[in-house]
$ cat input-v3.cif   # mmCIF, C-alpha atoms
data_target
#
loop_
_atom_site.label_atom_id
_atom_site.label_comp_id
_atom_site.auth_asym_id
_atom_site.auth_seq_id
_atom_site.Cartn_x
_atom_site.Cartn_y
_atom_site.Cartn_z
CA MET O 1 -42.68 -143.51 12.59
CA GLU O 2 -46.32 -143.87 13.56
CA ILE O 3 -45.52 -146.52 16.21
CA ARG O 4 -42.97 -144.25 17.81
CA LEU O 5 -45.49 -141.44 17.91
CA VAL O 6 -48.00 -143.66 19.69
CA ASN O 7 -45.37 -144.73 22.28
CA ALA O 8 -44.40 -141.13 22.95
CA LEU O 9 -48.04 -140.26 23.46
CA SER O 10 -48.48 -143.09 25.96
CA LEU O 11 -45.41 -141.97 27.91
CA TYR O 12 -46.72 -138.42 28.05
CA LEU O 13 -50.09 -139.65 29.33
CA LYS O 14 -48.43 -141.72 32.04
CA VAL O 15 -47.11 -138.55 33.57
CA THR O 16 -50.28 -136.44 33.38
CA ILE O 17 -53.24 -138.88 33.39
CA LYS O 18 -54.36 -141.77 35.52
CA PRO O 19 -53.33 -145.35 34.63
CA ILE O 20 -56.89 -146.30 33.57
CA LEU O 21 -56.94 -143.58 30.91
CA VAL O 22 -53.52 -144.71 29.73
CA LYS O 23 -54.83 -148.17 28.88
CA LEU O 24 -57.79 -146.73 26.96
CA THR O 25 -55.50 -144.47 24.93
CA ILE O 26 -53.24 -147.32 23.96
CA LYS O 27 -56.24 -149.37 22.81
CA ASN O 28 -57.55 -146.46 20.72
CA ALA O 29 -54.15 -145.95 19.12
CA ALA O 30 -53.90 -149.61 18.23
CA GLY O 31 -57.37 -149.54 16.71
CA ILE O 32 -56.55 -146.48 14.62
CA ALA O 33 -53.34 -148.09 13.41
CA LEU O 34 -55.27 -151.23 12.43
CA VAL O 35 -57.86 -149.21 10.48
CA ILE O 36 -55.14 -147.29 8.64
CA ALA O 37 -53.37 -150.51 7.75
CA CYS O 38 -56.62 -151.99 6.37
CA VAL O 39 -57.31 -148.89 4.27
CA PHE O 40 -53.84 -148.85 2.75
CA GLY O 41 -54.08 -152.57 2.09
CA ALA O 42 -57.37 -152.15 0.23
CA LEU O 43 -55.92 -149.27 -1.81
CA ASP O 44 -52.88 -151.33 -2.72
CA THR O 45 -55.12 -154.22 -3.79
CA ALA O 46 -57.32 -151.98 -5.95
CA PHE O 47 -54.25 -150.35 -7.51
CA ALA O 48 -52.76 -153.75 -8.26
CA GLN O 49 -56.01 -154.90 -9.89
CA ALA O 50 -56.14 -151.73 -12.00
CA GLN O 51 -52.57 -152.30 -13.09
CA LYS O 52 -53.40 -155.83 -14.20
CA ARG O 53 -56.19 -154.59 -16.56
CA ARG O 54 -54.75 -154.21 -20.04
CA VAL O 55 -55.36 -151.23 -22.31
CA ILE O 56 -57.26 -152.11 -25.50
CA GLN O 57 -57.74 -149.91 -28.55
CA LEU O 58 -61.44 -150.25 -29.29
CA SER O 59 -62.53 -149.27 -32.82
CA GLY O 60 -65.67 -149.84 -34.78
CA VAL O 61 -68.41 -148.62 -37.09
CA VAL O 62 -71.94 -147.69 -36.01
CA LEU O 63 -74.64 -148.38 -38.60
CA GLU O 64 -78.26 -147.35 -38.86
CA GLU O 65 -80.63 -150.22 -39.45
CA ASP O 66 -82.90 -149.54 -42.43
CA SER O 67 -85.53 -152.25 -42.49
CA ALA O 68 -87.37 -150.72 -45.48
CA ALA O 69 -84.37 -150.91 -47.81
CA ASN O 70 -82.96 -154.03 -46.10
CA ASN O 71 -79.52 -152.44 -45.70
CA SER O 72 -77.51 -150.37 -43.24
CA ARG O 73 -75.79 -147.00 -43.56
CA PRO O 74 -73.24 -145.20 -41.34
CA LEU O 75 -74.59 -143.17 -38.44
CA ALA O 76 -72.72 -140.00 -37.44
CA GLY O 77 -72.74 -138.27 -34.06
CA VAL O 78 -73.17 -141.40 -31.94
CA HIS O 79 -71.83 -141.15 -28.39
CA VAL O 80 -69.51 -144.01 -27.37
CA TYR O 81 -68.32 -143.60 -23.78
CA VAL O 82 -67.40 -145.29 -20.49
CA PRO O 83 -69.72 -143.86 -17.80
CA LYS O 84 -67.61 -144.84 -14.76
CA ALA O 85 -64.37 -143.47 -16.22
CA GLY O 86 -65.89 -140.33 -17.71
CA ARG O 87 -64.22 -140.69 -21.11
CA GLY O 88 -65.60 -141.29 -24.57
CA THR O 89 -65.84 -140.16 -28.17
CA THR O 90 -68.31 -139.67 -31.04
CA THR O 91 -68.52 -141.20 -34.48
CA ASN O 92 -67.50 -139.24 -37.57
CA ASN O 93 -69.43 -138.84 -40.84
CA MET O 94 -68.58 -142.40 -41.81
CA GLY O 95 -69.80 -143.81 -38.48
CA PHE O 96 -66.26 -144.68 -37.35
CA PHE O 97 -64.91 -144.33 -33.81
CA SER O 98 -61.73 -145.30 -31.94
CA MET O 99 -60.88 -144.95 -28.24
CA PRO O 100 -58.67 -146.65 -25.61
CA VAL O 101 -60.49 -148.75 -23.01
CA LEU O 102 -59.61 -151.23 -20.27
CA GLU O 103 -60.67 -154.80 -19.84
CA LYS O 104 -64.09 -155.21 -18.18
CA ASP O 105 -65.03 -151.59 -18.99
CA GLU O 106 -68.74 -151.03 -19.59
CA ILE O 107 -69.26 -149.24 -22.93
CA VAL O 108 -72.46 -147.31 -23.69
CA VAL O 109 -73.50 -146.43 -27.26
CA SER O 110 -76.33 -143.91 -27.49
CA ILE O 111 -77.88 -141.34 -29.80
CA VAL O 112 -81.22 -139.55 -29.82
CA GLY O 113 -83.92 -141.51 -31.63
CA PHE O 114 -82.26 -144.93 -31.26
CA GLU O 115 -82.19 -147.55 -28.54
CA LYS O 116 -79.20 -147.44 -26.18
CA HIS O 117 -76.69 -150.28 -26.42
CA THR O 118 -74.49 -151.43 -23.54
CA PHE O 119 -71.73 -154.04 -23.60
CA THR O 120 -68.68 -154.99 -21.53
CA VAL O 121 -65.17 -155.41 -22.89
CA PRO O 122 -64.39 -159.10 -22.28
CA GLU O 123 -61.32 -160.12 -20.37
CA GLY O 124 -58.54 -161.46 -22.57
CA SER O 125 -59.54 -159.39 -25.61
CA PRO O 126 -56.86 -158.67 -28.23
CA GLU O 127 -54.95 -155.43 -28.11
CA TYR O 128 -56.90 -154.06 -31.10
CA GLN O 129 -60.63 -154.81 -30.95
CA THR O 130 -63.00 -153.94 -33.81
CA LEU O 131 -66.80 -153.86 -33.57
CA VAL O 132 -69.73 -153.34 -35.93
CA ILE O 133 -72.74 -151.94 -34.07
CA THR O 134 -76.21 -151.66 -35.61
CA MET O 135 -78.55 -149.18 -33.95
CA THR O 136 -82.29 -149.85 -33.81
CA LEU O 137 -84.86 -147.07 -34.03
CA ASP O 138 -86.56 -146.23 -30.75
CA THR O 139 -90.16 -145.99 -31.94
CA THR O 140 -92.85 -144.80 -29.56
CA TYR O 141 -96.47 -145.36 -30.59
CA LEU O 142 -98.93 -142.83 -29.21
CA PRO O 143 -102.63 -143.56 -28.78
CA GLU O 144 -104.86 -142.55 -31.66
CA VAL O 145 -106.59 -139.18 -31.31
CA VAL O 146 -109.35 -138.05 -33.70
CA PHE O 147 -110.08 -134.33 -34.05
CA MET O 148 -113.50 -133.36 -35.40
CA PRO O 149 -114.90 -129.86 -35.97
CA PHE O 150 -118.26 -131.00 -34.66
CA PRO O 151 -119.19 -131.96 -31.10
CA THR O 152 -120.94 -135.22 -32.01
CA GLU O 153 -121.16 -137.59 -34.97
CA GLU O 154 -124.87 -136.85 -35.47
CA VAL O 155 -124.21 -133.12 -35.90
CA PHE O 156 -121.45 -133.96 -38.42
CA LYS O 157 -123.83 -136.13 -40.49
CA GLN O 158 -126.48 -133.42 -40.51
CA ALA O 159 -123.96 -130.84 -41.71
CA VAL O 160 -122.75 -133.12 -44.53
CA LEU O 161 -126.29 -133.90 -45.69
CA ALA O 162 -127.20 -130.21 -45.69
CA MET O 163 -124.32 -129.29 -48.02
CA ASN O 164 -125.23 -128.20 -51.55
CA MET O 165 -122.11 -128.57 -53.69
CA PRO O 166 -122.22 -127.62 -57.39
CA VAL O 167 -121.03 -130.90 -58.90
CA ASP O 168 -121.71 -132.47 -62.28
CA ASN O 169 -122.83 -136.00 -63.01
CA ASN O 170 -119.35 -137.34 -62.28
CA GLY O 171 -119.27 -135.73 -58.83
CA ILE O 172 -116.60 -133.15 -59.74
CA ASP O 173 -116.84 -129.43 -59.06
CA LYS O 174 -115.99 -127.56 -62.26
CA ARG O 175 -114.62 -124.62 -60.32
CA ASN O 176 -111.65 -126.77 -59.34
CA PHE O 177 -110.56 -126.85 -63.01
CA ASN O 178 -110.50 -123.10 -63.53
CA GLN O 179 -107.50 -122.34 -65.74
CA GLU O 180 -106.62 -119.04 -64.07
CA LEU O 181 -106.85 -120.55 -60.61
CA MET O 182 -104.67 -123.52 -61.58
CA ALA O 183 -102.06 -121.22 -63.16
CA LEU O 184 -101.99 -119.09 -60.02
CA MET O 185 -101.58 -122.16 -57.81
CA LEU O 186 -98.75 -123.39 -60.04
CA LYS O 187 -96.85 -120.11 -59.65
CA THR O 188 -97.41 -119.62 -55.94
CA THR O 189 -97.21 -123.17 -54.60
CA PRO O 190 -93.68 -123.86 -53.27
CA MET O 191 -91.78 -127.05 -53.96
CA ASP O 192 -92.22 -129.93 -51.56
CA GLY O 193 -89.45 -131.98 -49.98
CA TYR O 194 -89.11 -134.39 -52.91
CA GLN O 195 -88.87 -131.58 -55.48
CA ASN O 196 -86.26 -129.77 -53.38
CA GLN O 197 -84.23 -132.95 -53.16
CA ARG O 198 -84.41 -133.54 -56.90
CA TYR O 199 -83.43 -129.92 -57.60
CA TYR O 200 -80.42 -130.18 -55.27
CA LEU O 201 -79.30 -133.48 -56.79
CA ASP O 202 -79.64 -132.10 -60.32
CA GLN O 203 -77.59 -129.03 -59.40
CA TRP O 204 -74.94 -131.19 -57.73
CA ALA O 205 -74.75 -133.54 -60.72
CA GLY O 206 -74.44 -130.58 -63.10
CA SER O 207 -71.68 -129.01 -61.05
CA ALA O 208 -69.82 -132.34 -60.92
CA ASN O 209 -70.03 -132.74 -64.69
CA ASN O 210 -68.94 -129.16 -65.38
CA ARG O 211 -66.19 -129.19 -62.80
CA PHE O 212 -63.30 -129.58 -65.23
CA GLN O 213 -64.98 -127.97 -68.24
CA PRO O 214 -65.05 -124.33 -69.30
CA VAL O 215 -68.19 -122.47 -68.24
CA SER O 216 -69.97 -120.95 -71.25
CA ASN O 217 -72.13 -117.84 -71.23
CA PRO O 218 -75.64 -118.67 -72.57
CA PHE O 219 -76.03 -115.13 -73.95
CA LEU O 220 -73.08 -115.74 -76.29
CA ASN O 221 -74.56 -118.94 -77.71
CA PRO O 222 -75.98 -118.29 -81.24
CA PHE O 223 -78.29 -121.32 -81.06
CA ASN O 224 -80.03 -119.85 -78.01
CA TRP O 225 -80.64 -116.60 -79.90
CA ALA O 226 -82.04 -118.53 -82.86
CA LYS O 227 -84.49 -120.35 -80.59
CA PHE O 228 -85.46 -117.05 -78.98
CA PHE O 229 -86.27 -115.34 -82.29
CA SER O 230 -88.15 -118.36 -83.60
CA SER O 231 -90.33 -118.40 -80.46
CA LEU O 232 -91.08 -114.68 -80.95
CA LYS O 233 -92.17 -115.31 -84.54
CA LYS O 234 -94.48 -118.13 -83.44
CA ASP O 235 -96.08 -115.89 -80.82
CA LYS O 236 -96.74 -113.17 -83.41
CA LYS O 237 -98.37 -115.66 -85.78
CA LYS O 238 -100.68 -116.90 -83.03
CA LYS O 239 -101.84 -113.39 -82.26
#
$ encode --input "input-v3.cif" --output "structure tokens"
Amino acid sequence: MEIRLVNALSLYLKVTIKPILVKLTIKNAAGIALVIACVFGALDTAFAQAQKRRVIQLSGVVLEEDSAANNSRPLAGVHVYVPKAGRGTTTNNMGFFSMPVLEKDEIVVSIVGFEKHTFTVPEGSPEYQTLVITMTLDTTYLPEVVFMPFPTEEVFKQAVLAMNMPVDNNGIDKRNFNQELMALMLKTTPMDGYQNQRYYLDQWAGSANNRFQPVSNPFLNPFNWAKFFSSLKKDKKKK
């Protein structure tokens, strides 16, 4: 159909335009037809190559490398994607992922705080491919910075030598062992991270043990009342 259209155009130009322009128009039409044929040929070749690439179900587990404990644990929320295709997935709480890919696809595995991993799906891989990926911490060391409340080291030494601290022969300030102050610090100081963790684990273990047991009311326990009255008697005797 395109060749007929070019011939009709050349016949029309024969009637209205000079013969020299007719030759130029025919050459331009032939060039355009050649370019179109090359473009369609390249598209057909690319489509054929894409059709030859097999679909592979890529699955795996992403682990966090723990050099201190010499073991690895699952890492959740890791991005596993193909940048060129614009598709991907994330790992679940167990570090597992599964996604369809093509042969020779470039896979990127990344998460904040860890080094990015990149690998290519090899040609001839089995239909179901399984991987185990270990992520390495991306540690950045900053230069050391020392903050001092004094402008120079000499001024700091003079201030330390001029201090008059009330210490005993052992070099301990007795005011630090004030009973009232220590009791106030014990009541007002919040728990640190380790104590919070232990408290949560103890509560979780208690709830797991009492899961299938009847929950008792401590106010209805006669032994608790006996302990309470005995403690009151001891307090009265001390006074």
$ resolve_selection --input "input-v3.cif" --expression "the PyMOL selection byres ((chain O and resi 124) around 12)" --output "JSON, numbers by chain"
{"O": [52, 53, 54, 55, 56, 102, 103, 104, 121, 122, 123, 125, 126, 127, 128, 129]}
$ closest_residue --input "input-v3.cif" --among "O:Leu75, O:Val112, O:Val160, O:Leu58" --to "Ser98 (chain O)" --atoms "only C-alpha atoms"
O:Leu58
$ resolve_selection --input "input-v3.cif" --expression "the PyMOL selection byres ((chain O and resi 133) around 9)" --output "MDAnalysis selection string"
chainID O and resid 60:64 109 117 131:132 134:135
$ atom_distance --input "input-v3.cif" --atom1 "CA of Pro74 (chain O)" --atom2 "CA of Asn93 (chain O)"
7.4 Å
$ atom_distance --input "input-v3.cif" --atom1 "CA of Ser231 (chain O)" --atom2 "CA of Asn217 (chain O)"
20.4 Å
$ atom_distance --input "input-v3.cif" --atom1 "CA of Arg87 (chain O)" --atom2 "CA of Pro100 (chain O)"
9.3 Å
$ closest_residue --input "input-v3.cif" --among "O:Val101, O:Trp204, O:Ile107, O:Met185" --to "Tyr81 (chain O)" --atoms "all atoms listed in the file"
O:Ile107
$ resolve_selection --input "input-v3.cif" --expression "the PyMOL selection byres ((chain O and resi 77) around 8)" --output "list in words"
Leu75, Ala76, Val78, His79, Thr90, Thr91, Asn92, Asn93, Gly95 and Ile111 of chain O
